[in-house]
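Peer 1: Just one file: target.txt, with compact mmCIF, C-alpha atoms.
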```txt
# COMPACT_ATOMS: atom_id res chain seq x y z
CA MET P 1 39.09 -18.93 -13.20
CA THR P 2 41.94 -16.40 -13.01
CA PRO P 3 41.60 -13.42 -10.63
CA ARG P 4 41.13 -11.24 -13.72
CA MET P 5 38.27 -13.39 -14.97
CA ARG P 6 36.68 -13.36 -11.51
CA ALA P 7 36.90 -9.56 -11.39
CA ASP P 8 35.31 -9.33 -14.86
CA ALA P 9 32.49 -11.67 -13.78
CA ALA P 10 31.81 -9.63 -10.63
CA ARG P 11 31.80 -6.41 -12.67
CA ASN P 12 29.36 -7.89 -15.18
CA ARG P 13 27.09 -9.11 -12.40
CA ALA P 14 27.04 -5.63 -10.87
CA LYS P 15 26.36 -4.06 -14.30
CA VAL P 16 23.40 -6.38 -14.85
CA LEU P 17 21.98 -5.58 -11.40
CA VAL P 18 22.23 -1.80 -11.90
CA ALA P 19 20.63 -2.16 -15.36
CA ALA P 20 17.85 -4.40 -14.00
CA GLU P 21 16.96 -1.86 -11.31
CA LEU P 22 16.84 0.95 -13.91
CA VAL P 23 14.76 -1.07 -16.38
CA PHE P 24 12.30 -2.41 -13.76
CA ALA P 25 11.91 1.10 -12.29
CA ALA P 26 11.22 2.66 -15.70
CA LYS P 27 9.21 -0.07 -17.42
CA GLY P 28 7.84 -2.19 -14.58
CA THR P 29 8.82 -5.69 -13.60
CA SER P 30 7.24 -7.17 -16.71
CA ALA P 31 10.22 -5.81 -18.69
CA SER P 32 12.18 -8.64 -20.30
CA THR P 33 15.61 -10.02 -19.45
CA GLU P 34 16.60 -9.01 -23.01
CA GLU P 35 15.91 -5.35 -22.18
CA VAL P 36 18.07 -5.67 -19.07
CA ALA P 37 20.92 -7.20 -21.10
CA LYS P 38 20.69 -4.38 -23.65
CA GLU P 39 20.71 -1.69 -20.93
CA ALA P 40 23.71 -3.37 -19.27
CA GLY P 41 25.55 -3.61 -22.60
CA VAL P 42 26.12 -7.35 -22.20
CA GLY P 43 24.85 -10.43 -24.04
CA ILE P 44 21.76 -12.28 -22.84
CA GLY P 45 24.04 -15.25 -22.04
CA THR P 46 25.88 -13.15 -19.45
CA VAL P 47 22.59 -12.28 -17.73
CA PHE P 48 21.52 -15.93 -17.60
CA ARG P 49 24.94 -17.07 -16.35
CA HIS P 50 24.54 -14.88 -13.26
CA PHE P 51 20.74 -15.08 -12.93
CA PRO P 52 19.34 -18.33 -14.38
CA THR P 53 15.71 -17.11 -14.04
CA LYS P 54 13.84 -13.81 -14.07
CA GLU P 55 12.89 -14.54 -10.44
CA ALA P 56 16.55 -14.91 -9.44
CA LEU P 57 17.22 -11.51 -11.03
CA LEU P 58 14.24 -9.88 -9.27
CA GLU P 59 15.34 -11.37 -5.97
CA ALA P 60 18.89 -10.04 -6.42
CA VAL P 61 17.51 -6.57 -7.25
CA LEU P 62 15.39 -6.59 -4.07
CA VAL P 63 18.30 -7.76 -1.88
CA GLY P 64 20.54 -5.12 -3.50
CA LEU P 65 18.01 -2.35 -2.84
CA LEU P 66 17.56 -3.36 0.80
CA ALA P 67 21.33 -3.67 1.27
CA ARG P 68 21.65 -0.09 -0.02
CA PHE P 69 18.89 1.10 2.35
CA ALA P 70 20.72 -0.63 5.24
CA HIS P 71 24.02 0.97 4.23
CA GLU P 72 22.42 4.44 4.02
CA ALA P 73 20.78 3.96 7.43
CA GLU P 74 24.08 2.86 8.99
CA GLU P 75 25.87 5.90 7.52
CA LEU P 76 23.16 8.19 8.91
CA THR P 77 23.44 6.81 12.46
CA ARG P 78 26.65 8.87 12.63
CA ALA P 79 25.10 12.09 11.23
CA ALA P 80 25.46 15.33 13.19
CA ASP P 81 21.71 16.12 13.25
CA PRO P 82 19.76 13.00 14.37
CA GLY P 83 16.37 14.51 13.49
CA GLU P 84 17.46 15.41 9.97
CA ALA P 85 19.03 11.96 9.61
CA PHE P 86 15.84 10.15 10.60
CA PHE P 87 13.42 12.21 8.51
CA GLY P 88 15.84 12.30 5.57
CA PHE P 89 16.17 8.53 5.62
CA PHE P 90 12.37 8.13 5.84
CA ARG P 91 11.88 10.45 2.85
CA GLY P 92 14.58 8.62 0.86
CA ILE P 93 12.99 5.20 1.41
CA VAL P 94 9.58 6.50 0.35
CA ALA P 95 11.10 8.02 -2.80
CA GLN P 96 12.52 4.64 -3.82
CA ALA P 97 9.47 2.70 -2.73
CA ALA P 98 7.85 2.30 -6.14
CA THR P 99 10.66 0.10 -7.44
CA LYS P 100 11.00 -1.85 -4.20
CA ASN P 101 7.27 -2.58 -3.99
CA ALA P 102 6.99 -3.50 -7.67
CA VAL P 103 9.85 -6.00 -7.33
CA SER P 104 8.40 -7.45 -4.10
CA GLU P 105 4.98 -7.84 -5.71
CA ALA P 106 6.41 -9.50 -8.82
CA LEU P 107 8.23 -11.99 -6.57
CA GLU P 108 5.06 -12.71 -4.58
CA GLU P 109 3.16 -13.26 -7.84
CA ALA P 110 5.85 -15.75 -8.87
CA GLY P 111 5.19 -17.56 -5.58
CA ILE P 112 8.39 -16.36 -3.91
CA ASN P 113 8.11 -14.93 -0.40
CA ALA P 114 9.90 -11.58 -0.72
CA ARG P 115 10.06 -11.28 3.06
CA GLU P 116 11.97 -14.57 3.36
CA ALA P 117 14.18 -13.80 0.39
CA SER P 118 15.26 -10.54 1.98
CA ALA P 119 15.30 -11.64 5.64
CA GLU P 120 19.09 -11.66 5.92
CA VAL P 121 19.56 -8.08 4.74
CA GLY P 122 16.44 -6.98 6.66
CA VAL P 123 18.15 -7.52 10.03
CA PRO P 124 20.90 -4.86 9.72
CA LEU P 125 18.36 -2.48 8.11
CA LYS P 126 15.96 -2.85 11.04
CA LYS P 127 18.83 -2.46 13.51
CA ALA P 128 20.12 0.74 11.88
CA LEU P 129 16.56 2.14 11.66
CA ALA P 130 16.09 1.45 15.40
CA THR P 131 19.26 3.46 16.09
CA LEU P 132 18.04 6.33 13.87
CA VAL P 133 14.73 6.42 15.78
CA GLU P 134 16.42 6.31 19.21
CA ARG P 135 18.92 9.05 18.34
CA ALA P 136 16.12 11.27 16.95
CA GLN P 137 14.10 10.69 20.12
CA GLU P 138 17.07 11.54 22.36
CA ALA P 139 17.55 14.75 20.35
CA GLY P 140 13.86 15.62 20.87
CA ALA P 141 13.07 15.48 17.14
CA VAL P 142 10.76 12.44 17.38
CA ARG P 143 8.16 11.88 20.12
CA SER P 144 9.31 9.49 22.82
CA ASP P 145 6.14 7.35 22.84
CA VAL P 146 6.60 5.96 19.33
CA GLY P 147 8.14 2.50 18.80
CA LEU P 148 10.05 0.95 15.93
CA ALA P 149 6.99 -1.11 14.90
CA GLU P 150 4.87 2.04 14.44
CA VAL P 151 7.66 3.73 12.47
CA MET P 152 7.88 0.69 10.19
CA ALA P 153 4.10 0.63 9.71
CA LEU P 154 4.15 4.34 8.79
CA LEU P 155 7.10 3.78 6.46
CA SER P 156 5.23 0.97 4.72
CA GLY P 157 2.01 3.00 4.46
CA SER P 158 3.78 6.11 3.18
CA SER P 159 5.67 4.03 0.64
CA HIS P 160 2.45 2.50 -0.68
CA ALA P 161 0.76 5.89 -0.86
CA ALA P 162 3.72 7.29 -2.79
CA ALA P 163 3.85 4.31 -5.14
CA SER P 164 0.11 4.41 -5.86
CA ALA P 165 -1.15 5.50 -9.23
CA SER P 166 -2.66 8.75 -8.05
CA GLY P 167 0.83 10.03 -7.19
CA ASP P 168 1.00 13.80 -7.62
CA PRO P 169 4.52 14.35 -6.16
CA GLN P 170 3.50 17.60 -4.41
CA VAL P 171 0.49 15.95 -2.74
CA GLN P 172 2.69 13.03 -1.68
CA ALA P 173 5.28 15.40 -0.21
CA ARG P 174 2.61 17.28 1.77
CA ALA P 175 1.03 14.01 2.96
CA LEU P 176 4.47 12.89 4.16
CA ASP P 177 4.92 16.21 6.00
CA ILE P 178 1.68 15.48 7.88
CA VAL P 179 3.01 12.06 8.94
CA PHE P 180 6.27 13.75 10.02
CA ASP P 181 4.32 16.30 12.08
CA GLY P 182 2.54 13.40 13.77
CA LEU P 183 5.93 11.88 14.62
CA ARG P 184 7.27 15.09 16.20
CA PRO P 185 6.75 15.85 19.88
CA ARG P 186 3.94 18.28 20.60
CA MET D 1 -41.45 -11.45 -14.64
CA THR D 2 -44.05 -10.79 -11.95
CA PRO D 3 -43.29 -8.20 -9.25
CA ARG D 4 -42.89 -11.11 -6.81
CA MET D 5 -40.31 -12.78 -9.05
CA ARG D 6 -38.47 -9.48 -9.42
CA ALA D 7 -38.37 -9.01 -5.64
CA ASP D 8 -37.05 -12.58 -5.21
CA ALA D 9 -34.37 -11.96 -7.83
CA ALA D 10 -33.28 -8.71 -6.15
CA ARG D 11 -33.15 -10.45 -2.77
CA ASN D 12 -31.03 -13.28 -4.18
CA ARG D 13 -28.66 -10.82 -5.83
CA ALA D 14 -28.21 -9.00 -2.51
CA LYS D 15 -27.68 -12.30 -0.67
CA VAL D 16 -24.96 -13.33 -3.16
CA LEU D 17 -23.22 -9.95 -2.78
CA VAL D 18 -23.19 -10.10 1.03
CA ALA D 19 -21.90 -13.69 0.89
CA ALA D 20 -19.23 -12.77 -1.68
CA GLU D 21 -17.92 -9.95 0.52
CA LEU D 22 -17.76 -12.30 3.55
CA VAL D 23 -16.06 -15.10 1.61
CA PHE D 24 -13.53 -12.83 -0.15
CA ALA D 25 -12.72 -11.11 3.17
CA ALA D 26 -12.18 -14.41 5.00
CA LYS D 27 -10.53 -16.53 2.29
CA GLY D 28 -9.12 -14.03 -0.17
CA THR D 29 -10.32 -13.27 -3.67
CA SER D 30 -9.10 -16.64 -4.96
CA ALA D 31 -12.12 -18.21 -3.21
CA SER D 32 -14.41 -19.89 -5.73
CA THR D 33 -17.86 -18.88 -6.92
CA GLU D 34 -19.05 -22.25 -5.51
CA GLU D 35 -18.00 -21.15 -2.01
CA VAL D 36 -19.93 -17.91 -2.47
CA ALA D 37 -23.05 -19.81 -3.58
CA LYS D 38 -22.76 -22.12 -0.55
CA GLU D 39 -22.38 -19.18 1.86
CA ALA D 40 -25.36 -17.44 0.26
CA GLY D 41 -27.46 -20.61 0.44
CA VAL D 42 -28.31 -20.47 -3.26
CA GLY D 43 -27.45 -22.65 -6.22
CA ILE D 44 -24.43 -21.90 -8.40
CA GLY D 45 -26.86 -21.16 -11.25
CA THR D 46 -28.32 -18.26 -9.28
CA VAL D 47 -24.86 -16.74 -8.81
CA PHE D 48 -24.08 -17.03 -12.52
CA ARG D 49 -27.48 -15.60 -13.52
CA HIS D 50 -26.67 -12.38 -11.65
CA PHE D 51 -22.89 -12.39 -12.18
CA PRO D 52 -21.88 -14.23 -15.35
CA THR D 53 -18.16 -14.11 -14.45
CA LYS D 54 -16.01 -14.00 -11.32
CA GLU D 55 -14.84 -10.56 -12.45
CA ALA D 56 -18.43 -9.28 -12.64
CA LEU D 57 -18.94 -10.51 -9.05
CA LEU D 58 -15.71 -8.87 -7.84
CA GLU D 59 -16.67 -5.62 -9.54
CA ALA D 60 -20.12 -5.66 -7.90
CA VAL D 61 -18.53 -6.30 -4.48
CA LEU D 62 -16.18 -3.33 -4.97
CA VAL D 63 -18.98 -1.02 -6.11
CA GLY D 64 -21.11 -2.20 -3.17
CA LEU D 65 -18.32 -1.51 -0.67
CA LEU D 66 -17.68 1.97 -2.04
CA ALA D 67 -21.39 2.74 -2.10
CA ARG D 68 -21.54 1.80 1.59
CA PHE D 69 -18.51 4.01 2.34
CA ALA D 70 -20.23 6.89 0.50
CA HIS D 71 -23.45 6.31 2.43
CA GLU D 72 -21.58 6.29 5.76
CA ALA D 73 -19.72 9.47 4.85
CA GLU D 74 -22.97 11.21 3.85
CA GLU D 75 -24.61 10.18 7.14
CA LEU D 76 -21.62 11.53 9.07
CA THR D 77 -21.73 14.95 7.39
CA ARG D 78 -24.73 15.58 9.67
CA ALA D 79 -23.02 14.33 12.88
CA ALA D 80 -22.94 16.62 15.93
CA ASP D 81 -19.15 16.42 16.41
CA PRO D 82 -17.41 17.09 13.06
CA GLY D 83 -13.97 16.06 14.38
CA GLU D 84 -15.23 12.74 15.69
CA ALA D 85 -17.15 12.21 12.43
CA PHE D 86 -14.04 12.76 10.28
CA PHE D 87 -11.62 10.66 12.34
CA GLY D 88 -14.24 7.95 12.91
CA PHE D 89 -14.91 7.69 9.18
CA PHE D 90 -11.14 7.56 8.46
CA ARG D 91 -10.68 4.74 11.02
CA GLY D 92 -13.68 2.83 9.62
CA ILE D 93 -12.36 2.94 6.05
CA VAL D 94 -8.93 1.72 7.17
CA ALA D 95 -10.57 -1.15 9.10
CA GLN D 96 -12.36 -2.33 5.95
CA ALA D 97 -9.40 -1.70 3.68
CA ALA D 98 -8.08 -5.26 3.50
CA THR D 99 -11.17 -6.49 1.64
CA LYS D 100 -11.41 -3.41 -0.57
CA ASN D 101 -7.74 -3.60 -1.60
CA ALA D 102 -7.84 -7.35 -2.18
CA VAL D 103 -10.86 -6.97 -4.48
CA SER D 104 -9.28 -4.02 -6.33
CA GLU D 105 -6.04 -5.97 -6.82
CA ALA D 106 -7.86 -9.07 -8.07
CA LEU D 107 -9.68 -6.89 -10.62
CA GLU D 108 -6.43 -5.24 -11.74
CA GLU D 109 -4.85 -8.70 -12.14
CA ALA D 110 -7.82 -9.70 -14.31
CA GLY D 111 -7.06 -6.68 -16.46
CA ILE D 112 -9.99 -4.62 -15.21
CA ASN D 113 -9.32 -1.04 -14.13
CA ALA D 114 -10.86 -0.92 -10.64
CA ARG D 115 -10.71 2.87 -10.69
CA GLU D 116 -12.84 3.04 -13.84
CA ALA D 117 -15.21 0.34 -12.62
CA SER D 118 -15.88 2.32 -9.46
CA ALA D 119 -15.73 5.85 -10.89
CA GLU D 120 -19.48 6.45 -10.65
CA VAL D 121 -19.74 5.65 -6.94
CA GLY D 122 -16.40 7.37 -6.28
CA VAL D 123 -17.86 10.80 -7.02
CA PRO D 124 -20.41 10.97 -4.13
CA LEU D 125 -17.82 9.36 -1.81
CA LYS D 126 -15.24 12.04 -2.64
CA LYS D 127 -17.84 14.78 -2.27
CA ALA D 128 -18.98 13.54 1.16
CA LEU D 129 -15.36 13.15 2.30
CA ALA D 130 -14.66 16.74 1.23
CA THR D 131 -17.57 17.90 3.38
CA LEU D 132 -16.30 15.85 6.35
CA VAL D 133 -12.85 17.47 6.01
CA GLU D 134 -14.27 21.01 5.69
CA ARG D 135 -16.58 20.60 8.68
CA ALA D 136 -13.73 19.18 10.80
CA GLN D 137 -11.52 22.10 9.76
CA GLU D 138 -14.22 24.65 10.63
CA ALA D 139 -14.58 22.99 14.05
CA GLY D 140 -10.80 23.27 14.58
CA ALA D 141 -10.32 19.48 14.73
CA VAL D 142 -8.28 19.25 11.51
CA ARG D 143 -5.52 21.69 10.49
CA SER D 144 -6.65 24.26 7.95
CA ASP D 145 -3.66 23.81 5.59
CA VAL D 146 -4.54 20.26 4.58
CA GLY D 147 -6.38 19.54 1.31
CA LEU D 148 -8.66 16.71 0.21
CA ALA D 149 -5.88 15.26 -1.97
CA GLU D 150 -3.54 14.89 1.02
CA VAL D 151 -6.31 13.34 3.12
CA MET D 152 -6.97 10.81 0.34
CA ALA D 153 -3.25 10.01 0.04
CA LEU D 154 -3.07 9.44 3.82
CA LEU D 155 -6.22 7.32 3.70
CA SER D 156 -4.75 5.18 0.94
CA GLY D 157 -1.39 4.83 2.72
CA SER D 158 -2.99 4.00 6.08
CA SER D 159 -5.24 1.45 4.40
CA HIS D 160 -2.30 -0.27 2.76
CA ALA D 161 -0.34 -0.30 6.01
CA ALA D 162 -3.31 -1.84 7.82
CA ALA D 163 -3.89 -4.42 5.10
CA SER D 164 -0.23 -5.48 4.96
CA ALA D 165 0.77 -8.86 6.30
CA SER D 166 2.74 -7.53 9.27
CA GLY D 167 -0.52 -6.19 10.73
CA ASP D 168 -0.41 -6.27 14.53
CA PRO D 169 -3.73 -4.46 15.22
CA GLN D 170 -2.31 -2.51 18.19
CA VAL D 171 0.65 -1.27 16.17
CA GLN D 172 -1.70 -0.31 13.33
CA ALA D 173 -3.95 1.59 15.75
CA ARG D 174 -0.99 3.52 17.20
CA ALA D 175 0.39 4.26 13.73
CA LEU D 176 -3.02 5.65 12.76
CA ASP D 177 -3.05 7.81 15.91
CA ILE D 178 0.26 9.33 14.75
CA VAL D 179 -1.27 10.18 11.37
CA PHE D 180 -4.29 11.70 13.18
CA ASP D 181 -1.97 13.80 15.38
CA GLY D 182 -0.32 15.05 12.19
CA LEU D 183 -3.74 16.06 10.86
CA ARG D 184 -4.67 18.04 13.99
CA PRO D 185 -3.80 21.71 14.32
CA ARG D 186 -0.72 22.38 16.46
```
Please re-express this file's structure in structure tokens.
Peer 2:
Amino acid sequence: MTPRMRADAARNRAKVLVAAELVFAAKGTSASTEEVAKEAGVGIGTVFRHFPTKEALLEAVLVGLLARFAHEAEELTRAADPGEAFFGFFRGIVAQAATKNAVSEALEEAGINAREASAEVGVPLKKALATLVERAQEAGAVRSDVGLAEVMALLSGSSHAAASASGDPQVQARALDIVFDGLRPR
Amino acid sequence: MTPRMRADAARNRAKVLVAAELVFAAKGTSASTEEVAKEAGVGIGTVFRHFPTKEALLEAVLVGLLARFAHEAEELTRAADPGEAFFGFFRGIVAQAATKNAVSEALEEAGINAREASAEVGVPLKKALATLVERAQEAGAVRSDVGLAEVMALLSGSSHAAASASGDPQVQARALDIVFDGLRPR
């Protein structure tokens, strides 16, 4: 493979991944690989060359999402306002939770442990989140008696609430504000 | 059917339901109807006479659970301490959420809309919960700017967080305390 061919292959892979995330977010994870190929503007053969099975594609979408979350968290550890950084990150994760949960669930249904599949990218994400929590606590924006495990449990719960069918966005936003108030020092 | 036979049939139906809830809670909803019959101490024919399909049994378990929640909520609307009644009910629902969510999900997977199946019993439950919230607000135990919709979103999110695999009970309890702090007036 020439460097040019390698660059083309990498670009196609990225195009397919972006398209898959869009299609799965809009139509659910039961959407077909054909729909993903169409959205990406590539042939079905290109999709299968990079992702031999639907499960491989779902797994790559999940890893890509989590890698983006980790990258965002790492960026925010350097933000000027640690409280804003923490709560902003929390809100961002919840907003993207529907896609992430749908992909995780589809993988579990296919017998693939989403937790294992994403373990590698989960480590930097957890580390950056821990830094966001600590910085927000030092700045007095988050109560000092809360640990990373509680924050992750609240993140998971808020994500599920937001992704649930009953989702009126205004209700979800107000429910999230209540969780945030609980996280602030009295 | 004589009255005696009717009473026996009703007792067997109740026995099967109690057994089904225990078995599904302990072994997941993939547990077989045979296991339910064994736990109930009745023949498999008795189970099928009352619940011709696994889905019919799951639906009856869900309706039974929600009816019990509604009954508990109604009882608590007459409690002496409205704040304790509200937060106690919230904690109780979350504690029983794993079974409820597993049954709902199994029904959804079987193509049955759990929300529709349980709509009838959902109405008194929602009404009693609204009374619990109002009484707790009047007593100053819950902030006045929170609505029933937000409480239900938080209940759903907390239930999912508690039912998730990562569930360390102490972490879940502390996460729930944070949500409760968010619900209290400042």
Peer 1: One decimal, Å: what's the distance from atom CA of D:Thr33 over to atom CA of D:Asn101, could you say?
Peer 2: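 Atom CA of D:Asn101 lies 19.1 Å from atom CA of D:Thr33.
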Peer 1: Residues of chain D within 12 Å of chain P, counting all atoms listed in the file - could you list those as a short mmCIF file (atom, residue, chain, number, x, y, z; two decimals) with C-alpha atoms, in the frame of the given file?
Peer 2:
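part.cif, written as the output of this step:
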```cif
data_model
loop_
_atom_site.label_atom_id
_atom_site.label_comp_id
_atom_site.auth_asym_id
_atom_site.auth_seq_id
_atom_site.Cartn_x
_atom_site.Cartn_y
_atom_site.Cartn_z
CA VAL D 94 -8.93 1.72 7.17
CA ASN D 101 -7.74 -3.60 -1.60
CA GLU D 105 -6.04 -5.97 -6.82
CA ALA D 106 -7.86 -9.07 -8.07
CA GLU D 109 -4.85 -8.70 -12.14
CA ASN D 113 -9.32 -1.04 -14.13
CA ALA D 114 -10.86 -0.92 -10.64
CA ARG D 115 -10.71 2.87 -10.69
CA VAL D 142 -8.28 19.25 11.51
CA ARG D 143 -5.52 21.69 10.49
CA ASP D 145 -3.66 23.81 5.59
CA VAL D 146 -4.54 20.26 4.58
CA GLY D 147 -6.38 19.54 1.31
CA LEU D 148 -8.66 16.71 0.21
CA ALA D 149 -5.88 15.26 -1.97
CA GLU D 150 -3.54 14.89 1.02
CA VAL D 151 -6.31 13.34 3.12
CA MET D 152 -6.97 10.81 0.34
CA ALA D 153 -3.25 10.01 0.04
CA LEU D 154 -3.07 9.44 3.82
CA LEU D 155 -6.22 7.32 3.70
CA SER D 156 -4.75 5.18 0.94
CA GLY D 157 -1.39 4.83 2.72
CA SER D 158 -2.99 4.00 6.08
CA SER D 159 -5.24 1.45 4.40
CA HIS D 160 -2.30 -0.27 2.76
CA ALA D 161 -0.34 -0.30 6.01
CA ALA D 162 -3.31 -1.84 7.82
CA ALA D 163 -3.89 -4.42 5.10
CA SER D 164 -0.23 -5.48 4.96
CA ALA D 165 0.77 -8.86 6.30
CA SER D 166 2.74 -7.53 9.27
CA GLY D 167 -0.52 -6.19 10.73
CA ASP D 168 -0.41 -6.27 14.53
CA PRO D 169 -3.73 -4.46 15.22
CA GLN D 170 -2.31 -2.51 18.19
CA VAL D 171 0.65 -1.27 16.17
CA GLN D 172 -1.70 -0.31 13.33
CA ALA D 173 -3.95 1.59 15.75
CA ARG D 174 -0.99 3.52 17.20
CA ALA D 175 0.39 4.26 13.73
CA LEU D 176 -3.02 5.65 12.76
CA ASP D 177 -3.05 7.81 15.91
CA ILE D 178 0.26 9.33 14.75
CA VAL D 179 -1.27 10.18 11.37
CA PHE D 180 -4.29 11.70 13.18
CA ASP D 181 -1.97 13.80 15.38
CA GLY D 182 -0.32 15.05 12.19
CA LEU D 183 -3.74 16.06 10.86
CA ARG D 184 -4.67 18.04 13.99
CA PRO D 185 -3.80 21.71 14.32
CA ARG D 186 -0.72 22.38 16.46
#
```
Peer 1: Can you tell me, as a count of residues only, what residues are no more than 9 Å from P:Val16 when counting all atoms listed in the file, ignoring any on the same chain fewer than 5 positions away?
Peer 2: 12
Peer 1: Quick one: what's the axis-aligned box for stretch 13-18 of chain D, all listed atoms, 3 Å on every side, centre and edges in Å to one decimal, as lines of an AutoDock Vina configuration file?
Peer 2:
```
center_x = -25.9
center_y = -11.2
center_z = -2.4
size_x = 11.5
size_y = 10.3
size_z = 12.9
```
Peer 1: Taking 2 positions as the minimum chain separation for residues in the same chain, which residues sit within 12 Å of P:Lys54 when counting all atoms listed in the file? Answer as a PyMOL selection string.
Peer 2: chain P and resi 17+20+24+29-37+44+47-52+56-61+103+106-107+110+112
Peer 1: Please write the residues from the selection above to a file, keeping C-alpha atoms, as a short mmCIF file (atom, residue, chain, number, x, y, z; two decimals), keeping the file's coordinate frame.
Peer 2:
```
data_model
loop_
_atom_site.label_atom_id
_atom_site.label_comp_id
_atom_site.auth_asym_id
_atom_site.auth_seq_id
_atom_site.Cartn_x
_atom_site.Cartn_y
_atom_site.Cartn_z
CA LEU P 17 21.98 -5.58 -11.40
CA ALA P 20 17.85 -4.40 -14.00
CA PHE P 24 12.30 -2.41 -13.76
CA THR P 29 8.82 -5.69 -13.60
CA SER P 30 7.24 -7.17 -16.71
CA ALA P 31 10.22 -5.81 -18.69
CA SER P 32 12.18 -8.64 -20.30
CA THR P 33 15.61 -10.02 -19.45
CA GLU P 34 16.60 -9.01 -23.01
CA GLU P 35 15.91 -5.35 -22.18
CA VAL P 36 18.07 -5.67 -19.07
CA ALA P 37 20.92 -7.20 -21.10
CA ILE P 44 21.76 -12.28 -22.84
CA VAL P 47 22.59 -12.28 -17.73
CA PHE P 48 21.52 -15.93 -17.60
CA ARG P 49 24.94 -17.07 -16.35
CA HIS P 50 24.54 -14.88 -13.26
CA PHE P 51 20.74 -15.08 -12.93
CA PRO P 52 19.34 -18.33 -14.38
CA ALA P 56 16.55 -14.91 -9.44
CA LEU P 57 17.22 -11.51 -11.03
CA LEU P 58 14.24 -9.88 -9.27
CA GLU P 59 15.34 -11.37 -5.97
CA ALA P 60 18.89 -10.04 -6.42
CA VAL P 61 17.51 -6.57 -7.25
CA VAL P 103 9.85 -6.00 -7.33
CA ALA P 106 6.41 -9.50 -8.82
CA LEU P 107 8.23 -11.99 -6.57
CA ALA P 110 5.85 -15.75 -8.87
CA ILE P 112 8.39 -16.36 -3.91
#
```
Peer 1: Hey, can you check how far atom CA of P:Ala136 sits from atom CA of P:Gly88?
Peer 2: 11.4 Å
Peer 1: Would you compute the distance between atom CA of P:Arg6 and atom CA of P:Glu120? Give it in Å to one decimal.
Peer 2: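 Rounded to one decimal, the two atoms are 24.8 Å apart.
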